[in-house]
Amino acid sequence: MDAENNPAPVRRFHPTASGFRWDDVPVKVYKPEGAHFRDVTRQVLFEGTAELPTQVRYFELAPGGHSTFERHEHPHAVFVLRGRGRVLVGETVAPVTPFDLVHVPPMAWHQFRAASDAPLGFVCLVPCDRDRPMRPTPDEAAALRAHPVLRDFIRL
Ligand code: MN
């Protein structure tokens, strides 16, 4: 079976000691490079097609890990599957556990952080055709570091 272009109708789920896995779904690096994230893996569960132009990814943050602080025009629809952590969306910081739902609207700053003693795994839906994430400018970063709610949470 050609897993990339013609996936099996059913790809089975396998919880492992090092994280959630699925048949024929490779574990990838989160982003090619950068110091603005920590201990994140990425798995593409559904690539998206012309008929269903949505990509479904599974991200897993190791304990203490965090995703990039970013924003972009495309939204995210997130479904938490594993562990425990907190999420920032806009100016809201909230705890998340399975099976919470997180909606990230267009251009909202967002960041996911695993608890110090637990991983955080979540499914994230995005459009296949999407803009690149933007990180804060130096002026935006200075304002964020002074924000009463965000300053203690964000990892830039
Ligand atoms: Mn994002």
# chains A, B, ... in the order shown; residues from 1 in each chain; ligands from 1
>>> residues_near_ligand(ligand="ligand 1", cutoff="7 Å", atoms="only C-alpha atoms and all ligand atoms", output="PyMOL selection string")
chain A and resi 70-72+76+110+133
>>> write_last_selection(atoms="all heavy atoms", output="mmCIF file, in the first residue's frame")
data_model
loop_
_atom_site.group_PDB
_atom_site.id
_atom_site.type_symbol
_atom_site.label_atom_id
_atom_site.label_comp_id
_atom_site.auth_asym_id
_atom_site.auth_seq_id
_atom_site.Cartn_x
_atom_site.Cartn_y
_atom_site.Cartn_z
ATOM 1 N N GLU A 70 2.722 32.239 17.900
ATOM 2 C CA GLU A 70 2.562 32.672 16.509
ATOM 3 C C GLU A 70 1.134 33.110 16.251
ATOM 4 O O GLU A 70 0.240 32.936 17.093
ATOM 5 C CB GLU A 70 2.913 31.509 15.567
ATOM 6 C CG GLU A 70 1.945 30.324 15.729
ATOM 7 C CD GLU A 70 2.258 29.137 14.830
ATOM 8 O OE1 GLU A 70 3.427 28.928 14.478
ATOM 9 O OE2 GLU A 70 1.302 28.417 14.493
ATOM 10 N N ARG A 71 0.925 33.680 15.056
ATOM 11 C CA ARG A 71 -0.420 33.928 14.549
ATOM 12 C C ARG A 71 -0.368 33.900 13.022
ATOM 13 O O ARG A 71 0.719 33.973 12.419
ATOM 14 C CB ARG A 71 -0.991 35.254 15.056
ATOM 15 C CG ARG A 71 -0.241 36.481 14.606
ATOM 16 C CD ARG A 71 -0.953 37.714 15.154
ATOM 17 N NE ARG A 71 -0.253 38.939 14.790
ATOM 18 C CZ ARG A 71 -0.700 40.153 15.076
ATOM 19 N NH1 ARG A 71 -1.819 40.307 15.763
ATOM 20 N NH2 ARG A 71 -0.009 41.214 14.713
ATOM 21 N N HIS A 72 -1.554 33.780 12.417
ATOM 22 C CA HIS A 72 -1.665 33.661 10.960
ATOM 23 C C HIS A 72 -3.117 33.843 10.570
ATOM 24 O O HIS A 72 -4.004 33.847 11.444
ATOM 25 C CB HIS A 72 -1.124 32.310 10.488
ATOM 26 C CG HIS A 72 -1.370 31.181 11.446
ATOM 27 N ND1 HIS A 72 -2.634 30.714 11.711
ATOM 28 C CD2 HIS A 72 -0.533 30.472 12.244
ATOM 29 C CE1 HIS A 72 -2.546 29.737 12.604
ATOM 30 N NE2 HIS A 72 -1.286 29.575 12.965
ATOM 31 N N HIS A 76 -7.318 27.511 13.398
ATOM 32 C CA HIS A 76 -7.066 26.130 13.835
ATOM 33 C C HIS A 76 -8.311 25.619 14.553
ATOM 34 O O HIS A 76 -8.926 26.362 15.315
ATOM 35 C CB HIS A 76 -5.932 26.059 14.870
ATOM 36 C CG HIS A 76 -4.564 26.314 14.363
ATOM 37 N ND1 HIS A 76 -4.041 25.756 13.232
ATOM 38 C CD2 HIS A 76 -3.558 27.054 14.889
ATOM 39 C CE1 HIS A 76 -2.792 26.152 13.075
ATOM 40 N NE2 HIS A 76 -2.469 26.942 14.057
ATOM 41 N N HIS A 110 -1.333 32.528 19.549
ATOM 42 C CA HIS A 110 -1.620 31.266 20.227
ATOM 43 C C HIS A 110 -0.337 30.513 20.535
ATOM 44 O O HIS A 110 0.673 30.666 19.832
ATOM 45 C CB HIS A 110 -2.587 30.396 19.430
ATOM 46 C CG HIS A 110 -2.148 30.110 18.023
ATOM 47 N ND1 HIS A 110 -2.249 31.025 17.017
ATOM 48 C CD2 HIS A 110 -1.614 28.986 17.464
ATOM 49 C CE1 HIS A 110 -1.800 30.487 15.893
ATOM 50 N NE2 HIS A 110 -1.396 29.258 16.138
ATOM 51 N N PRO A 133 2.948 30.999 9.354
ATOM 52 C CA PRO A 133 2.842 31.633 10.673
ATOM 53 C C PRO A 133 3.768 32.842 10.789
ATOM 54 O O PRO A 133 4.866 32.862 10.226
ATOM 55 C CB PRO A 133 3.283 30.520 11.632
ATOM 56 C CG PRO A 133 3.043 29.255 10.885
ATOM 57 C CD PRO A 133 3.312 29.580 9.434
#
>>> residues_around(residues="Pro15 of chain A", least_positions_apart="4", cutoff="12 Å", atoms="only C-alpha atoms", output="PyMOL selection string")
chain A and resi 19-23+81-82+121
>>> write_last_selection(atoms="C-alpha atoms", output="PDB file, in the first residue's frame")
ATOM      1  CA  GLY A  19       3.682   8.797  22.435  1.00  0.00           C
ATOM      2  CA  PHE A  20       0.636   8.212  20.283  1.00  0.00           C
ATOM      3  CA  ARG A  21       1.246   6.481  16.941  1.00  0.00           C
ATOM      4  CA  TRP A  22      -0.786   5.340  13.936  1.00  0.00           C
ATOM      5  CA  ASP A  23      -0.025   2.759  11.221  1.00  0.00           C
ATOM      6  CA  LEU A  81      -6.274  13.824  23.002  1.00  0.00           C
ATOM      7  CA  ARG A  82      -3.547  13.245  25.567  1.00  0.00           C
ATOM      8  CA  GLY A 121      -1.155  15.750  22.588  1.00  0.00           C
TER       9      GLY A 121
END
>>> residues_around(residues="Gly34 of chain A", least_positions_apart="6", cutoff="12 Å", atoms="only C-alpha atoms", output="ChimeraX atom specification")
/A:40,67-69,135,156
>>> residues_around(residues="segment 123-125 of chain A", least_positions_apart="6", cutoff="7 Å", atoms="only C-alpha atoms", output="list of chain:residue names")
A:Thr54, A:Gln55, A:Val56, A:Arg57, A:Tyr58, A:Phe59, A:His76, A:Ala77, A:Val78, A:Phe79, A:Val80
>>> write_last_selection(atoms="N, CA and C atoms", output="compact mmCIF listing (two decimals), in the first residue's frame")
# COMPACT_ATOMS: atom_id res chain seq x y z
N THR A 54 -8.43 19.84 3.72
CA THR A 54 -8.12 20.09 5.13
C THR A 54 -7.05 19.09 5.57
N GLN A 55 -6.01 19.58 6.20
CA GLN A 55 -4.98 18.70 6.72
C GLN A 55 -5.20 18.51 8.22
N VAL A 56 -5.08 17.24 8.64
CA VAL A 56 -5.27 16.90 10.05
C VAL A 56 -3.93 16.45 10.60
N ARG A 57 -3.44 17.16 11.60
CA ARG A 57 -2.13 16.84 12.19
C ARG A 57 -2.32 16.46 13.65
N TYR A 58 -1.39 15.65 14.16
CA TYR A 58 -1.34 15.36 15.60
C TYR A 58 0.00 15.87 16.11
N PHE A 59 -0.06 16.75 17.07
CA PHE A 59 1.14 17.29 17.70
C PHE A 59 1.24 16.75 19.12
N HIS A 76 -7.32 27.51 13.40
CA HIS A 76 -7.07 26.13 13.83
C HIS A 76 -8.31 25.62 14.55
N ALA A 77 -8.64 24.36 14.31
CA ALA A 77 -9.61 23.66 15.14
C ALA A 77 -8.86 22.52 15.82
N VAL A 78 -8.84 22.54 17.15
CA VAL A 78 -7.96 21.65 17.92
C VAL A 78 -8.80 20.79 18.86
N PHE A 79 -8.41 19.52 18.93
CA PHE A 79 -9.08 18.53 19.77
C PHE A 79 -7.99 17.87 20.62
N VAL A 80 -8.05 18.08 21.92
CA VAL A 80 -7.01 17.56 22.81
C VAL A 80 -7.23 16.06 23.03
>>> residues_around(residues="Glu91 of chain A", least_positions_apart="5", cutoff="10 Å", atoms="only C-alpha atoms", output="VMD selection string")
chain A and resid 108 to 110 144 147 to 150
>>> closest_residue(among="A:Val10, A:Leu120, A:Val93, A:Met107", to="Asp39 of chain A", atoms="only C-alpha atoms")
A:Leu120
>>> select_by_dssp(residues="segment 33-76 of chain A", states="strand (DSSP E or B)", output="PyMOL selection string")
chain A and resi 38-46+54-66+70-71+76
>>> atom_distance(atom1="atom CA of Asp129 of chain A", atom2="atom CA of Pro53 of chain A")
7.6 Å
>>> select_by_dssp(residues="chain A", states="helix (DSSP H, G or I)", output="list in words")
Pro138, Asp139, Glu140, Ala141, Ala142, Ala143, Leu144 and Arg145 of chain A
>>> closest_residue(among="A:Ala8, A:Ala146, A:Ala50, A:Ile154", to="Arg86 of chain A", atoms="only C-alpha atoms")
A:Ile154
>>> atom_distance(atom1="atom CA of Phe112 of chain A", atom2="atom CA of Gln43 of chain A")
16.3 Å
>>> residues_around(residues="Pro7 of chain A", least_positions_apart="6", cutoff="10 Å", atoms="only C-alpha atoms", output="PDB file with N, CA and C atoms, in the first residue's frame")
ATOM      1  N   MET A   1       0.847  -1.208   0.000  1.00  0.00           N
ATOM      2  CA  MET A   1       0.000   0.000   0.000  1.00  0.00           C
ATOM      3  C   MET A   1       0.876   1.249   0.000  1.00  0.00           C
ATOM      4  N   ASP A  23      -0.633   3.512  12.319  1.00  0.00           N
ATOM      5  CA  ASP A  23      -0.025   2.759  11.221  1.00  0.00           C
ATOM      6  C   ASP A  23       0.333   3.698  10.073  1.00  0.00           C
ATOM      7  N   ASP A  24       1.531   3.539   9.540  1.00  0.00           N
ATOM      8  CA  ASP A  24       1.964   4.244   8.325  1.00  0.00           C
ATOM      9  C   ASP A  24       2.005   5.757   8.480  1.00  0.00           C
ATOM     10  N   VAL A  25       2.012   6.261   9.699  1.00  0.00           N
ATOM     11  CA  VAL A  25       2.114   7.708   9.918  1.00  0.00           C
ATOM     12  C   VAL A  25       3.467   7.994  10.567  1.00  0.00           C
ATOM     13  N   PHE A  46      -4.091  13.062   8.173  1.00  0.00           N
ATOM     14  CA  PHE A  46      -4.750  13.141   6.864  1.00  0.00           C
ATOM     15  C   PHE A  46      -4.096  14.272   6.085  1.00  0.00           C
ATOM     16  N   GLU A  47      -3.628  13.990   4.888  1.00  0.00           N
ATOM     17  CA  GLU A  47      -2.929  14.998   4.100  1.00  0.00           C
ATOM     18  C   GLU A  47      -3.871  16.051   3.528  1.00  0.00           C
TER      19      GLU A  47
END
>>> residues_around(residues="Pro26 of chain A", least_positions_apart="6", cutoff="10 Å", atoms="only C-alpha atoms", output="ChimeraX atom specification")
/A:42-45
